[in-house]
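> Next comes run36.txt, compact mmCIF, C-alpha atoms:
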```
# COMPACT_ATOMS: atom_id res chain seq x y z
CA ASN X 1 92.53 131.49 95.05
CA ASP X 2 92.07 130.03 98.49
CA MET X 3 92.51 126.36 97.62
CA GLY X 4 95.79 125.86 99.47
CA ARG X 5 96.67 122.28 100.36
CA GLY X 6 93.96 119.86 99.51
CA GLY X 7 92.75 121.81 96.48
CA TYR X 8 94.08 119.07 94.20
CA GLY X 9 93.87 115.34 93.99
CA MET X 10 91.54 112.44 94.41
CA GLY X 11 88.22 113.25 92.88
CA GLY X 12 88.40 116.98 93.65
CA MET X 13 87.24 116.91 97.26
CA PRO X 14 84.99 119.87 98.10
CA HIS X 15 86.99 122.69 99.62
CA GLY X 16 86.41 122.98 103.34
CA GLN X 17 85.85 119.29 104.05
CA SER X 18 87.58 118.21 107.23
CA PRO X 19 90.99 116.51 107.07
CA VAL X 20 89.93 114.51 110.17
CA VAL X 21 88.23 111.10 110.20
CA LEU X 22 86.50 109.38 113.09
CA VAL X 23 87.31 105.68 113.34
CA ASN X 24 84.94 103.45 115.32
CA ASN X 25 84.79 99.75 116.21
CA LEU X 26 88.45 99.41 117.21
CA ASP X 27 89.62 96.76 119.65
CA PRO X 28 90.44 98.95 122.67
CA ASP X 29 92.97 96.41 123.94
CA ARG X 30 94.99 96.32 120.72
CA ALA X 31 94.57 99.69 119.00
CA THR X 32 97.48 102.08 119.56
CA PRO X 33 98.31 105.38 117.84
CA GLU X 34 101.37 103.70 116.26
CA ALA X 35 99.34 100.82 114.80
CA LEU X 36 96.70 103.24 113.48
CA PHE X 37 99.43 105.42 111.97
CA ASN X 38 100.95 102.42 110.20
CA LEU X 39 97.58 101.42 108.73
CA PHE X 40 96.11 104.82 107.89
CA SER X 41 99.30 106.35 106.50
CA THR X 42 98.78 104.04 103.51
CA CYS X 43 96.12 106.64 102.55
CA GLY X 44 98.10 109.86 102.98
CA ILE X 45 100.15 112.04 105.29
CA ILE X 46 99.02 112.02 108.93
CA SER X 47 99.49 114.85 111.42
CA ARG X 48 97.98 113.55 114.67
CA ILE X 49 96.11 110.58 116.07
CA LYS X 50 94.06 110.49 119.25
CA ILE X 51 92.29 107.47 120.73
CA LEU X 52 89.36 108.84 122.71
CA TYR X 53 90.02 108.67 126.44
CA ASN X 54 86.44 107.80 127.39
CA LYS X 55 85.69 105.72 124.30
CA ARG X 56 88.72 103.55 123.65
CA ASP X 57 87.17 101.82 120.63
CA SER X 58 87.23 105.14 118.74
CA ALA X 59 89.96 107.41 117.41
CA LEU X 60 90.33 110.72 115.58
CA ILE X 61 92.95 110.80 112.81
CA GLN X 62 94.03 114.12 111.34
CA PHE X 63 95.54 114.08 107.85
CA GLU X 64 97.41 116.94 106.23
CA ALA X 65 94.67 117.43 103.65
CA PRO X 66 90.98 116.52 103.23
CA GLU X 67 91.55 114.28 100.21
CA TYR X 68 93.74 111.97 102.28
CA ALA X 69 90.93 111.69 104.84
CA GLU X 70 88.46 110.85 102.08
CA ASN X 71 90.89 108.28 100.67
CA ALA X 72 91.02 106.61 104.11
CA ARG X 73 87.24 106.61 104.41
CA MET X 74 86.84 105.10 100.95
CA THR X 75 89.58 102.46 101.11
CA LEU X 76 89.70 101.37 104.77
CA THR X 77 86.01 101.34 105.71
CA GLY X 78 85.20 97.73 106.53
CA CYS X 79 88.85 96.74 106.83
CA PRO X 80 89.01 93.66 109.09
CA ILE X 81 91.49 94.06 111.93
CA TRP X 82 91.68 92.70 115.49
CA GLY X 83 88.50 90.69 114.99
CA ARG X 84 86.41 93.71 114.00
CA SER X 85 85.60 95.75 110.90
CA LEU X 86 86.56 99.43 110.85
CA ILE X 87 83.82 102.06 110.66
CA ILE X 88 85.16 105.37 109.30
CA SER X 89 83.30 108.65 108.95
CA ASN X 90 84.11 112.28 108.30
CA SER X 91 84.64 114.21 111.51
CA LYS X 92 83.19 117.61 112.30
CA HIS X 93 86.55 118.48 113.88
CA LEU X 94 89.06 120.30 111.69
CA THR X 95 92.04 119.44 113.90
CA VAL X 96 92.98 116.92 116.57
CA GLN X 97 93.99 118.78 119.72
CA ALA X 98 96.10 117.43 122.55
CA ASN X 99 94.56 118.12 125.93
CA ARG X 100 96.60 118.05 129.10
CA SER X 101 95.31 114.56 129.77
CA ASP X 102 96.70 113.47 126.39
CA VAL X 103 100.30 114.15 127.35
CA GLU X 104 100.24 112.91 130.91
CA GLU X 105 100.44 109.34 132.18
CA GLU X 106 97.71 107.08 130.74
CA GLY X 107 96.60 109.59 128.13
CA ALA X 108 100.08 109.81 126.60
CA LYS X 109 99.60 106.29 125.25
CA LEU X 110 96.48 107.42 123.40
CA PHE X 111 97.90 110.40 121.49
CA GLY X 112 100.56 110.68 118.80
CA ASP X 113 101.93 113.61 116.78
CA TYR X 114 103.37 112.34 113.48
CA THR X 115 104.24 115.58 111.73
CA ALA X 116 107.97 114.78 111.98
CA SER X 117 107.72 111.00 111.63
CA ALA X 118 110.30 109.25 109.47
CA LEU X 119 107.77 106.53 108.67
CA HIS X 120 105.51 108.46 106.30
CA ARG X 121 105.17 106.61 103.00
CA TYR X 122 104.54 109.71 100.90
CA ARG X 123 106.62 112.87 100.96
CA GLY X 124 107.46 115.61 98.49
CA ALA X 125 106.25 114.96 94.95
CA ALA X 126 104.88 111.54 95.95
CA SER X 127 102.34 113.21 98.24
CA ARG X 128 100.49 114.51 95.17
CA ASN X 129 99.79 111.02 93.85
CA VAL X 130 98.80 108.94 96.85
CA PRO X 131 97.18 105.75 95.55
CA SER X 132 93.88 104.29 96.71
CA ILE X 133 94.78 100.69 97.56
CA GLU X 134 92.16 98.56 99.25
CA PRO X 135 93.30 96.05 101.87
CA SER X 136 94.26 92.63 100.55
CA LYS X 137 96.08 89.61 101.92
CA LEU X 138 99.12 90.49 99.78
CA LEU X 139 101.62 92.94 101.27
CA HIS X 140 104.35 94.89 99.49
CA VAL X 141 107.49 95.17 101.65
CA SER X 142 110.18 97.59 100.51
CA ASN X 143 113.55 98.86 101.75
CA VAL X 144 114.58 95.30 102.51
CA SER X 145 118.31 94.69 102.91
CA ALA X 146 119.85 92.87 99.94
CA GLN X 147 121.28 90.37 102.43
CA ALA X 148 117.90 89.55 103.96
CA THR X 149 116.65 86.01 103.44
CA GLU X 150 113.15 84.69 102.98
CA GLU X 151 113.32 83.46 106.56
CA ASP X 152 114.12 86.99 107.80
CA VAL X 153 111.01 88.37 106.12
CA LYS X 154 108.83 85.44 107.14
CA ALA X 155 109.93 85.87 110.75
CA LEU X 156 108.71 89.49 110.69
CA PHE X 157 105.16 88.37 109.90
CA ALA X 158 105.14 84.99 111.68
CA GLU X 159 102.86 86.12 114.51
CA HIS X 160 100.24 87.27 111.98
CA GLY X 161 99.63 83.85 110.49
CA PRO X 162 102.06 81.67 108.57
CA VAL X 163 103.32 83.34 105.40
CA ALA X 164 101.51 81.55 102.56
CA LYS X 165 103.81 82.80 99.79
CA LEU X 166 106.81 85.10 99.54
CA LYS X 167 108.62 86.42 96.51
CA PHE X 168 111.53 88.87 96.28
CA ILE X 169 111.34 91.35 93.43
CA ALA X 170 114.06 93.50 91.94
CA ASN X 171 114.28 97.04 93.26
CA ARG X 172 113.47 99.44 90.45
CA ASP X 173 115.64 102.15 91.97
CA GLN X 174 116.67 104.72 89.37
CA THR X 175 120.15 104.86 90.84
CA GLY X 176 120.58 101.18 90.05
CA THR X 177 121.69 100.39 93.61
CA GLN X 178 121.38 96.78 94.58
CA ASP X 179 121.84 97.22 98.33
CA ARG X 180 118.14 96.69 98.99
CA LYS X 181 115.18 94.86 97.49
CA MET X 182 111.44 94.40 97.81
CA ALA X 183 109.21 91.47 98.63
CA LEU X 184 105.62 90.40 98.12
CA VAL X 185 104.29 88.58 101.17
CA GLU X 186 100.97 86.74 101.13
CA LEU X 187 99.25 86.05 104.45
CA PRO X 188 96.28 83.72 105.04
CA SER X 189 93.64 86.48 105.17
CA VAL X 190 93.06 90.21 104.73
CA GLN X 191 92.81 90.55 108.52
CA ASP X 192 96.19 88.84 108.98
CA ALA X 193 97.71 91.21 106.42
CA ALA X 194 96.14 94.33 107.99
CA GLU X 195 97.42 93.31 111.43
CA GLY X 196 100.87 92.50 109.99
CA LEU X 197 101.04 95.88 108.27
CA ALA X 198 99.87 97.73 111.40
CA ALA X 199 102.47 95.99 113.56
CA GLN X 200 105.51 95.70 111.29
CA HIS X 201 105.71 98.84 109.11
CA GLY X 202 108.90 100.60 110.22
CA LYS X 203 110.43 97.57 111.93
CA THR X 204 114.04 96.80 111.03
CA ILE X 205 115.73 93.94 109.19
CA ASP X 206 119.53 94.18 109.07
CA GLY X 207 119.34 97.78 110.32
CA LEU X 208 116.98 99.00 107.58
CA ARG X 209 113.44 100.13 108.39
CA VAL X 210 111.09 98.20 106.12
CA ARG X 211 108.06 99.88 104.57
CA VAL X 212 104.91 97.79 104.41
CA SER X 213 101.89 98.54 102.22
CA PHE X 214 99.00 96.64 100.69
CA SER X 215 99.89 95.40 97.23
CA THR X 216 97.90 95.81 94.02
CA SER X 217 99.88 92.99 92.39
CA THR X 218 99.12 89.33 92.23
CA LEU X 219 101.97 86.98 93.03
CA ASP X 220 101.35 85.03 89.84
CA ALA X 221 101.90 88.16 87.75
CA VAL X 222 105.32 88.87 89.24
CA ARG X 223 108.16 87.22 87.43
```
As structure tokens - that is how I would like this structure written.

Amino acid sequence: NDMGRGGYGMGGMPHGQSPVVLVNNLDPDRATPEALFNLFSTCGIISRIKILYNKRDSALIQFEAPEYAENARMTLTGCPIWGRSLIISNSKHLTVQANRSDVEEEGAKLFGDYTASALHRYRGAASRNVPSIEPSKLLHVSNVSAQATEEDVKALFAEHGPVAKLKFIANRDQTGTQDRKMALVELPSVQDAAEGLAAQHGKTIDGLRVRVSFSTSTLDAVR
């Protein structure tokens, strides 16, 4: 049995499909490896990201397994961000390699290795059940300090359009700890939400790194 990683999961991806996607139609002035990590790690565990040196509106993103790459292609194709819509395709590359130019001077800003990142959303058992959540204007913000106010959370997203609605929800932590909570944050548009997620995932409020994802909820359904 040669299935290894990627032999399970979303729709039974054909064995041998690349774990790398090619992303086109980026804004070369605003796309960074960190922003792309924040957005694309909603679809699975990322190893490396490389914005192409001679084609700054394009990037290669290597996931740990092919089904994560397919999840990204299915859920983020057409995502509006930075005034454009993402074009995502399967890459013929099986890995994303760092060239010398990628670790020196200008190129260093175009390459990121995320294998040891603390900002992955899915680890351990959770990595086997990565959801497919399409972009929406409603964001789910978790790991929020219990002391944080609505104004603290609104301030985090203020530059991405005024927060239309915000609601704190109880943390369903099995340990019953009440030292942190979650919030649903609605922004004016899907593009505002995508840009807010790409910029603010991993930022801190009261010393805690918040985790930002697209939400499948509706604010009206949360009581």
> Can you work out which one of X:Ala108, X:Ala59, X:Ile88, X:Ala193 has the shortest atom-to-atom distance to Arg73 in chain X, counting only C-alpha atoms?
X:Ile88
> Neighbouring residues of Arg84 in chain X were defined as those with any atom within 12 Å, considering all atoms listed in the file; residues of the same chain fewer than 5 positions away were excluded. Please report them as a list in words.
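Once the adjacent positions are removed, what remains is Asn24, Asn25, Leu26, Asp27, Pro28, Arg30, Ala31, Asp57, Thr77, Gly78, Cys79, Val190, Gln191, Ala194 and Glu195 of chain X.
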> Write the residues of the preceding selection, restricted to C-alpha atoms, as a JSON list (two decimals), in the frame of the given file.

```
[["chain", "number", "residue", "atom", "x", "y", "z"],
["X", 24, "ASN", "CA", 84.94, 103.45, 115.32],
["X", 25, "ASN", "CA", 84.79, 99.75, 116.21],
["X", 26, "LEU", "CA", 88.45, 99.41, 117.21],
["X", 27, "ASP", "CA", 89.62, 96.76, 119.65],
["X", 28, "PRO", "CA", 90.44, 98.95, 122.67],
["X", 30, "ARG", "CA", 94.99, 96.32, 120.72],
["X", 31, "ALA", "CA", 94.57, 99.69, 119.00],
["X", 57, "ASP", "CA", 87.17, 101.82, 120.63],
["X", 77, "THR", "CA", 86.01, 101.34, 105.71],
["X", 78, "GLY", "CA", 85.20, 97.73, 106.53],
["X", 79, "CYS", "CA", 88.85, 96.74, 106.83],
["X", 190, "VAL", "CA", 93.06, 90.21, 104.73],
["X", 191, "GLN", "CA", 92.81, 90.55, 108.52],
["X", 194, "ALA", "CA", 96.14, 94.33, 107.99],
["X", 195, "GLU", "CA", 97.42, 93.31, 111.43]]
```
> One decimal, Å: what's the distance from CA of Arg211 in chain X over to CA of Gln147 in chain X, could you say?
16.4 Å
> Measure the distance from CA of Thr149 in chain X to CA of Glu34 in chain X in Å and round it to one decimal.
26.7 Å
> To one decimal place, how far is CA of Val153 in chain X from CA of His120 in chain X in Å?
20.8 Å
> As a PyMOL selection string, please: the residues near Val163 in chain X (cut-off 8 Å, only C-alpha atoms, same-chain neighbours under 5 positions excluded).
chain X and resi 154+157-158+185-188
> Find, counting all atoms listed in the file, the residue in X:Ile205, X:Ile81, X:Val20, X:Ile169 that gets nearest to Pro135 in chain X.
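That would be X:Ile81, the residue with the smallest distance to Pro135 in chain X.
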> Can I get the residues of range 155-216 of chain X within 7 Å of range 39-55 of chain X, each with the closest pair of atoms and their distance in Å to one decimal, using only C-alpha atoms, sorted chain first then ascending number, as JSON lines?

```
{"residue": "X:Leu197", "atom": "CA", "partner": "X:Leu39", "partner_atom": "CA", "distance": 6.5}
{"residue": "X:Ala198", "atom": "CA", "partner": "X:Leu39", "partner_atom": "CA", "distance": 5.1}
{"residue": "X:Ser213", "atom": "CA", "partner": "X:Thr42", "partner_atom": "CA", "distance": 6.4}
```
> If I put a ball of radius 12 Å at (84.6, 117.1, 114.9) in the file's coordinates, which residues poke into it when counting all atoms listed in the file, written as an mmCIF file with C-alpha atoms, in the coordinates of the input?

```cif
data_model
loop_
_atom_site.group_PDB
_atom_site.id
_atom_site.type_symbol
_atom_site.label_atom_id
_atom_site.label_comp_id
_atom_site.auth_asym_id
_atom_site.auth_seq_id
_atom_site.Cartn_x
_atom_site.Cartn_y
_atom_site.Cartn_z
ATOM 1 C CA GLN X 17 85.850 119.290 104.050
ATOM 2 C CA SER X 18 87.580 118.210 107.230
ATOM 3 C CA PRO X 19 90.990 116.510 107.070
ATOM 4 C CA VAL X 20 89.930 114.510 110.170
ATOM 5 C CA VAL X 21 88.230 111.100 110.200
ATOM 6 C CA LEU X 22 86.500 109.380 113.090
ATOM 7 C CA VAL X 23 87.310 105.680 113.340
ATOM 8 C CA ALA X 59 89.960 107.410 117.410
ATOM 9 C CA LEU X 60 90.330 110.720 115.580
ATOM 10 C CA ILE X 61 92.950 110.800 112.810
ATOM 11 C CA GLN X 62 94.030 114.120 111.340
ATOM 12 C CA SER X 89 83.300 108.650 108.950
ATOM 13 C CA ASN X 90 84.110 112.280 108.300
ATOM 14 C CA SER X 91 84.640 114.210 111.510
ATOM 15 C CA LYS X 92 83.190 117.610 112.300
ATOM 16 C CA HIS X 93 86.550 118.480 113.880
ATOM 17 C CA LEU X 94 89.060 120.300 111.690
ATOM 18 C CA THR X 95 92.040 119.440 113.900
ATOM 19 C CA VAL X 96 92.980 116.920 116.570
ATOM 20 C CA GLN X 97 93.990 118.780 119.720
#
```
> Enclose range 26-29 of chain X, meaning all of its atoms listed in the file, in a box aligned along x, y and z, pad it by 8 Å on each side, and list the centre and edge lengths in Å to one decimal, as lines of an AutoDock Vina configuration file.

```
center_x = 90.7
center_y = 97.9
center_z = 120.6
size_x = 20.5
size_y = 19.0
size_z = 22.7
```
> Closest to Ser136 in chain X among X:Leu184, X:Ala199, X:Ile87, X:Ala65, using all atoms listed in the file?
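Nearest candidate to Ser136 in chain X out of X:Leu184, X:Ala199, X:Ile87, X:Ala65: X:Leu184.
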> Can you pull out the residues contacting Ile133 in chain X? Cut-off 10 Å, using all atoms listed in the file, and skip same-chain residues under 6 positions away; I want them as a ChimeraX atom specification.
/X:42-43,71-72,74-76,213-216
> In terms of the shortest atom-to-atom distance over all atoms listed in the file, which of X:Ser142, X:His160, X:Leu219, X:Gly207 is closest to Met182 in chain X?
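Looking only at the distances to Met182 in chain X, the closest residue turns out to be X:Ser142.
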